[in-house]
>>> print(open('upload_30.pdb').read())   # PDB, C-alpha atoms, pLDDT in the B column
ATOM      1  CA  MET A   9       0.000   0.000   0.000  1.00 40.00           C
ATOM      2  CA  GLN A  10       1.246   3.450  -0.846  1.00 40.00           C
ATOM      3  CA  ARG A  11       0.908   6.580   1.186  1.00 36.00           C
ATOM      4  CA  SER A  12       1.682  10.035  -0.009  1.00 38.00           C
ATOM      5  CA  HIS A  13       4.150  11.975   2.092  1.00 38.00           C
ATOM      6  CA  GLY A  14       3.512  15.294   0.397  1.00 38.00           C
ATOM      7  CA  GLY A  15       1.553  18.145   1.951  1.00 37.00           C
ATOM      8  CA  ALA A  16      -1.592  18.601  -0.133  1.00 37.00           C
ATOM      9  CA  GLY A  17      -1.945  15.124  -1.587  1.00 36.00           C
ATOM     10  CA  VAL A  18      -2.153  13.058   1.588  1.00 34.00           C
ATOM     11  CA  VAL A  19      -4.359  10.023   1.015  1.00 33.00           C
ATOM     12  CA  PRO A  20      -5.402   7.882   3.986  1.00 34.00           C
ATOM     13  CA  ALA A  21      -4.628   4.167   3.860  1.00 35.00           C
ATOM     14  CA  PRO A  22      -7.714   2.158   2.838  1.00 35.00           C
ATOM     15  CA  GLU A  23      -7.999   0.375   6.214  1.00 36.00           C
ATOM     16  CA  SER A  24      -8.253   3.684   8.056  1.00 34.00           C
ATOM     17  CA  ALA A  25     -10.244   5.786   5.596  1.00 36.00           C
ATOM     18  CA  GLY A  26     -13.492   6.887   7.191  1.00 35.00           C
ATOM     19  CA  THR A  27     -13.304   4.400  10.052  1.00 33.00           C
ATOM     20  CA  ALA A  28     -11.539   6.336  12.783  1.00 36.00           C
ATOM     21  CA  PRO A  29     -14.094   8.020  15.074  1.00 37.00           C
ATOM     22  CA  ASP A  30     -11.438  10.339  16.540  1.00 38.00           C
ATOM     23  CA  LEU A  31     -10.908  12.228  13.297  1.00 41.00           C
ATOM     24  CA  GLU A  32     -11.969  15.837  13.467  1.00 46.00           C
ATOM     25  CA  PRO A  33     -12.298  18.329  10.630  1.00 51.00           C
ATOM     26  CA  SER A  34      -9.649  21.011  10.615  1.00 52.00           C
ATOM     27  CA  ARG A  35     -10.002  24.620   9.543  1.00 60.00           C
ATOM     28  CA  ASN A  36      -9.158  23.730   5.943  1.00 63.00           C
ATOM     29  CA  GLY A  37     -11.819  20.980   5.772  1.00 62.00           C
ATOM     30  CA  ARG A  38      -9.421  18.026   5.930  1.00 64.00           C
ATOM     31  CA  GLU A  39      -9.678  15.435   8.655  1.00 62.00           C
ATOM     32  CA  GLU A  40      -6.940  15.470  11.299  1.00 66.00           C
ATOM     33  CA  ARG A  41      -6.257  13.428  14.398  1.00 69.00           C
ATOM     34  CA  PRO A  42      -6.467  15.410  17.640  1.00 69.00           C
ATOM     35  CA  SER A  43      -3.086  16.313  19.056  1.00 77.00           C
ATOM     36  CA  LEU A  44      -1.802  14.681  22.229  1.00 81.00           C
ATOM     37  CA  ARG A  45      -1.468  16.995  25.173  1.00 84.00           C
ATOM     38  CA  THR A  46       2.085  16.701  26.486  1.00 90.00           C
ATOM     39  CA  GLU A  47       2.321  19.677  28.864  1.00 93.00           C
ATOM     40  CA  PHE A  48       0.260  20.336  31.977  1.00 93.00           C
ATOM     41  CA  SER A  49       0.077  23.512  34.038  1.00 94.00           C
ATOM     42  CA  PHE A  50       0.158  23.351  37.823  1.00 96.00           C
ATOM     43  CA  GLU A  51       0.080  25.631  40.837  1.00 96.00           C
ATOM     44  CA  LEU A  52       2.305  24.677  43.779  1.00 96.00           C
ATOM     45  CA  PRO A  53       0.540  24.605  47.152  1.00 96.00           C
ATOM     46  CA  ARG A  54       3.223  26.741  48.849  1.00 97.00           C
ATOM     47  CA  GLY A  55       5.612  27.813  46.117  1.00 97.00           C
ATOM     48  CA  TYR A  56       9.348  27.834  45.585  1.00 97.00           C
ATOM     49  CA  VAL A  57      11.247  30.737  47.146  1.00 97.00           C
ATOM     50  CA  ASP A  58      14.404  31.534  45.182  1.00 96.00           C
ATOM     51  CA  GLN A  59      17.639  32.970  46.616  1.00 94.00           C
ATOM     52  CA  ASP A  60      16.354  36.522  46.056  1.00 95.00           C
ATOM     53  CA  GLY A  61      13.175  35.809  48.045  1.00 96.00           C
ATOM     54  CA  ALA A  62      10.860  35.730  44.993  1.00 97.00           C
ATOM     55  CA  LEU A  63       7.973  33.254  45.168  1.00 97.00           C
ATOM     56  CA  HIS A  64       7.316  30.967  42.172  1.00 97.00           C
ATOM     57  CA  ARG A  65       4.075  28.936  42.158  1.00 96.00           C
ATOM     58  CA  SER A  66       2.822  28.514  38.577  1.00 96.00           C
ATOM     59  CA  GLY A  67       4.595  25.960  36.436  1.00 97.00           C
ATOM     60  CA  VAL A  68       4.384  23.465  33.605  1.00 96.00           C
ATOM     61  CA  MET A  69       5.264  19.772  33.618  1.00 96.00           C
ATOM     62  CA  ARG A  70       5.638  17.716  30.460  1.00 96.00           C
ATOM     63  CA  LEU A  71       4.977  14.029  29.999  1.00 95.00           C
ATOM     64  CA  ALA A  72       8.009  11.908  30.837  1.00 95.00           C
ATOM     65  CA  THR A  73       9.844   9.820  28.292  1.00 95.00           C
ATOM     66  CA  ALA A  74      11.543   6.488  28.915  1.00 94.00           C
ATOM     67  CA  ARG A  75      14.836   8.403  28.755  1.00 94.00           C
ATOM     68  CA  ASP A  76      13.676  10.687  31.587  1.00 93.00           C
ATOM     69  CA  GLU A  77      13.111   7.656  33.799  1.00 92.00           C
ATOM     70  CA  LEU A  78      16.317   5.864  32.797  1.00 93.00           C
ATOM     71  CA  LEU A  79      18.915   8.653  32.965  1.00 90.00           C
ATOM     72  CA  PRO A  80      18.593   9.266  36.717  1.00 89.00           C
ATOM     73  CA  LEU A  81      19.731   5.665  37.283  1.00 89.00           C
ATOM     74  CA  TYR A  82      23.167   6.646  35.937  1.00 91.00           C
ATOM     75  CA  ASP A  83      23.410   9.742  38.138  1.00 89.00           C
ATOM     76  CA  ALA A  84      25.987   9.346  40.933  1.00 91.00           C
ATOM     77  CA  ARG A  85      23.668  11.082  43.425  1.00 92.00           C
ATOM     78  CA  VAL A  86      20.933   8.515  42.715  1.00 91.00           C
ATOM     79  CA  GLN A  87      23.374   5.621  42.949  1.00 92.00           C
ATOM     80  CA  GLU A  88      24.435   6.926  46.346  1.00 94.00           C
ATOM     81  CA  ASN A  89      20.859   7.550  47.553  1.00 91.00           C
ATOM     82  CA  SER A  90      17.889   6.184  45.564  1.00 90.00           C
ATOM     83  CA  ALA A  91      15.565   8.766  47.156  1.00 89.00           C
ATOM     84  CA  TYR A  92      17.335  11.352  44.984  1.00 93.00           C
ATOM     85  CA  THR A  93      15.648   9.829  41.896  1.00 94.00           C
ATOM     86  CA  THR A  94      12.615  12.044  42.494  1.00 94.00           C
ATOM     87  CA  VAL A  95      14.737  15.198  42.515  1.00 95.00           C
ATOM     88  CA  VAL A  96      16.510  14.350  39.254  1.00 95.00           C
ATOM     89  CA  LEU A  97      13.338  13.170  37.524  1.00 96.00           C
ATOM     90  CA  LEU A  98      11.267  16.215  38.486  1.00 97.00           C
ATOM     91  CA  SER A  99      14.051  18.567  37.397  1.00 96.00           C
ATOM     92  CA  ARG A 100      13.904  16.923  33.947  1.00 96.00           C
ATOM     93  CA  VAL A 101      10.122  17.103  33.412  1.00 97.00           C
ATOM     94  CA  ILE A 102       9.273  20.494  34.936  1.00 98.00           C
ATOM     95  CA  THR A 103       9.692  22.832  31.974  1.00 97.00           C
ATOM     96  CA  SER A 104       8.896  26.099  33.731  1.00 97.00           C
ATOM     97  CA  LEU A 105       8.296  27.482  37.193  1.00 97.00           C
ATOM     98  CA  GLY A 106       7.403  31.122  37.623  1.00 96.00           C
ATOM     99  CA  THR A 107      10.107  33.328  36.139  1.00 95.00           C
ATOM    100  CA  LEU A 108      12.993  30.913  36.723  1.00 96.00           C
ATOM    101  CA  GLY A 109      15.249  30.475  33.721  1.00 93.00           C
ATOM    102  CA  ALA A 110      16.002  26.801  34.346  1.00 94.00           C
ATOM    103  CA  ILE A 111      14.688  24.081  36.622  1.00 96.00           C
ATOM    104  CA  THR A 112      17.681  22.264  38.072  1.00 96.00           C
ATOM    105  CA  SER A 113      17.980  19.571  40.699  1.00 95.00           C
ATOM    106  CA  ASN A 114      19.064  22.344  43.075  1.00 96.00           C
ATOM    107  CA  VAL A 115      15.684  24.059  42.597  1.00 97.00           C
ATOM    108  CA  VAL A 116      13.777  20.833  43.387  1.00 97.00           C
ATOM    109  CA  GLU A 117      16.071  20.113  46.372  1.00 96.00           C
ATOM    110  CA  ASN A 118      15.134  23.459  47.890  1.00 97.00           C
ATOM    111  CA  MET A 119      11.370  23.167  47.454  1.00 97.00           C
ATOM    112  CA  PHE A 120       9.141  22.647  50.450  1.00 98.00           C
ATOM    113  CA  ALA A 121       8.374  18.977  51.096  1.00 97.00           C
ATOM    114  CA  SER A 122       4.644  19.570  50.531  1.00 97.00           C
ATOM    115  CA  ASP A 123       5.380  20.976  47.050  1.00 97.00           C
ATOM    116  CA  VAL A 124       7.606  18.017  46.163  1.00 97.00           C
ATOM    117  CA  ALA A 125       4.858  15.631  47.335  1.00 96.00           C
ATOM    118  CA  PHE A 126       2.352  17.545  45.181  1.00 96.00           C
ATOM    119  CA  LEU A 127       4.674  17.316  42.156  1.00 97.00           C
ATOM    120  CA  GLN A 128       5.239  13.581  42.689  1.00 96.00           C
ATOM    121  CA  ASP A 129       1.479  13.011  42.723  1.00 93.00           C
ATOM    122  CA  PHE A 130       1.002  15.288  39.707  1.00 94.00           C
ATOM    123  CA  TYR A 131       3.733  13.357  37.829  1.00 95.00           C
ATOM    124  CA  ARG A 132       2.070  10.043  38.644  1.00 93.00           C
ATOM    125  CA  ARG A 133      -1.326  11.288  37.547  1.00 91.00           C
ATOM    126  CA  ILE A 134      -0.286  12.597  34.142  1.00 91.00           C
ATOM    127  CA  ASN A 135       2.161   9.794  33.318  1.00 91.00           C
ATOM    128  CA  ALA A 136       0.568   6.680  34.796  1.00 87.00           C
ATOM    129  CA  GLU A 137      -3.120   7.439  35.099  1.00 73.00           C
ATOM    130  CA  GLY A 138      -3.405   9.746  32.110  1.00 61.00           C
ATOM    131  CA  HIS A 139      -5.413  12.429  33.886  1.00 57.00           C
ATOM    132  CA  THR A 140      -5.065  15.096  36.536  1.00 59.00           C
ATOM    133  CA  ARG A 141      -8.385  14.595  38.332  1.00 62.00           C
ATOM    134  CA  ILE A 142      -8.581  13.937  42.058  1.00 67.00           C
ATOM    135  CA  ALA A 143     -11.443  12.967  44.351  1.00 72.00           C
ATOM    136  CA  VAL A 144     -12.281  15.723  46.830  1.00 74.00           C
ATOM    137  CA  THR A 145     -14.601  15.918  49.834  1.00 81.00           C
ATOM    138  CA  CYS A 146     -15.850  19.298  51.038  1.00 83.00           C
ATOM    139  CA  PRO A 147     -14.862  19.772  54.699  1.00 84.00           C
ATOM    140  CA  GLU A 148     -18.022  21.840  55.336  1.00 86.00           C
ATOM    141  CA  CYS A 149     -20.810  19.695  53.866  1.00 89.00           C
ATOM    142  CA  SER A 150     -18.996  16.393  53.113  1.00 85.00           C
ATOM    143  CA  HIS A 151     -20.095  16.587  49.462  1.00 81.00           C
ATOM    144  CA  ARG A 152     -17.823  14.473  47.226  1.00 79.00           C
ATOM    145  CA  PHE A 153     -16.726  15.661  43.787  1.00 70.00           C
ATOM    146  CA  THR A 154     -13.741  15.624  41.448  1.00 68.00           C
ATOM    147  CA  ALA A 155     -11.347  18.475  40.786  1.00 69.00           C
ATOM    148  CA  ASP A 156      -8.800  18.855  38.011  1.00 65.00           C
ATOM    149  CA  LEU A 157      -5.283  19.640  39.266  1.00 62.00           C
ATOM    150  CA  ALA A 158      -4.255  20.983  35.853  1.00 55.00           C
ATOM    151  CA  GLY A 159      -7.219  23.337  35.635  1.00 51.00           C
ATOM    152  CA  GLY A 160      -8.420  21.965  32.316  1.00 46.00           C
ATOM    153  CA  ARG A 161      -9.486  18.819  30.547  1.00 43.00           C
ATOM    154  CA  LEU A 162      -7.006  16.411  28.996  1.00 42.00           C
ATOM    155  CA  GLY A 163      -6.483  17.129  25.345  1.00 42.00           C
ATOM    156  CA  GLU A 164      -6.981  20.857  25.698  1.00 41.00           C
ATOM    157  CA  SER A 165      -4.072  23.239  25.335  1.00 37.00           C
TER     158      SER A 165
END
>>> encode(input="upload_30.pdb", output="structure tokens")
Amino acid sequence: MQRSHGGAGVVPAPESAGTAPDLEPSRNGREERPSLRTEFSFELPRGYVDQDGALHRSGVMRLATARDELLPLYDARVQENSAYTTVVLLSRVITSLGTLGAITSNVVENMFASDVAFLQDFYRRINAEGHTRIAVTCPECSHRFTADLAGGRLGES
């Protein structure tokens, strides 16, 4: 079977033509597959305080790759203390935090423990479970509902 690799003359393979329910029309009238959301915004519970005393709470975490999970295993700090895996891994997948130029392991090391716990849970939710929803119970009325940690629905940018 042949597939065109050019821009305007893309022809779907016969086995997939018209059968995929997840195809959506684009602006130009052609069918396109929805894009995969790979970055998720978050708000730290306390926030990271940098050396100048500035508070950074809003950030973005991307989906982890296999490389992100493998490289920390070769890090001398992780080999010395396996608990350091979290620090190295989070510093790789957090793409922005407030106005910081770079997220290094030093930044993660100096976060409050509650923020690191939040980020570990956030990481697990987007990478293992595929969503950022959590079950919540109102302390006032005991009503149970779900909340989205990322502030949006999966698949939205």
>>> atom_distance(input="upload_30.pdb", atom1="atom CA of Asp58 of chain A", atom2="atom CA of Val115 of chain A")
8.0 Å
>>> atom_distance(input="upload_30.pdb", atom1="atom CA of Leu78 of chain A", atom2="atom CA of Ser90 of chain A")
12.9 Å
>>> atom_distance(input="upload_30.pdb", atom1="atom CA of Glu47 of chain A", atom2="atom CA of Val95 of chain A")
19.0 Å
>>> resolve_selection(input="upload_30.pdb", expression="the PyMOL selection byres ((chain A and resi 121) around 12)", output="list in words")
Leu52, Pro53, Arg54, Gly55, Tyr56, Thr94, Val95, Val116, Glu117, Asn118, Met119, Phe120, Ser122, Asp123, Val124, Ala125, Phe126, Leu127 and Gln128 of chain A
>>> closest_residue(input="upload_30.pdb", among="A:Arg70, A:Arg152, A:Arg75, A:Arg133", to="Ile102 of chain A", atoms="all atoms listed in the file")
A:Arg70
>>> residues_around(input="upload_30.pdb", residues="Ala72 of chain A", least_positions_apart="4", cutoff="7 Å", atoms="all atoms listed in the file", output="PyMOL selection string")
chain A and resi 76+101+135
>>> write_last_selection(input="upload_30.pdb", atoms="C-alpha atoms", output="PDB file, in the coordinates of the input")
ATOM      1  CA  ASP A  76      13.676  10.687  31.587  1.00 93.00           C
ATOM      2  CA  VAL A 101      10.122  17.103  33.412  1.00 97.00           C
ATOM      3  CA  ASN A 135       2.161   9.794  33.318  1.00 91.00           C
TER       4      ASN A 135
END
>>> closest_residue(input="upload_30.pdb", among="A:Gly61, A:Pro147, A:Phe50, A:Tyr92", to="Leu105 of chain A", atoms="all atoms listed in the file")
A:Phe50
>>> resolve_selection(input="upload_30.pdb", expression="the PyMOL selection byres ((chain A and resi 111) around 6)", output="mmCIF file with C-alpha atoms, in the frame of the given file")
data_model
loop_
_atom_site.group_PDB
_atom_site.id
_atom_site.type_symbol
_atom_site.label_atom_id
_atom_site.label_comp_id
_atom_site.auth_asym_id
_atom_site.auth_seq_id
_atom_site.Cartn_x
_atom_site.Cartn_y
_atom_site.Cartn_z
ATOM 1 C CA SER A 99 14.051 18.567 37.397
ATOM 2 C CA ALA A 110 16.002 26.801 34.346
ATOM 3 C CA THR A 112 17.681 22.264 38.072
#
>>> residues_around(input="upload_30.pdb", residues="Phe153 of chain A", least_positions_apart="5", cutoff="8 Å", atoms="only C-alpha atoms", output="list in words")
Ala143, Val144 and Thr145 of chain A
>>> axis_aligned_box(input="upload_30.pdb", around="segment 78-83 of chain A", padding_each_side="6 Å", output="AutoDock Vina command-line options")
--center_x 19.9 --center_y 7.7 --center_z 35.5 --size_x 19.1 --size_y 16.1 --size_z 17.3
>>> residues_around(input="upload_30.pdb", residues="Glu77 of chain A", least_positions_apart="3", cutoff="12 Å", atoms="all atoms listed in the file", output="ChimeraX atom specification")
/A:71-74,80-83,86,93-101,131,135
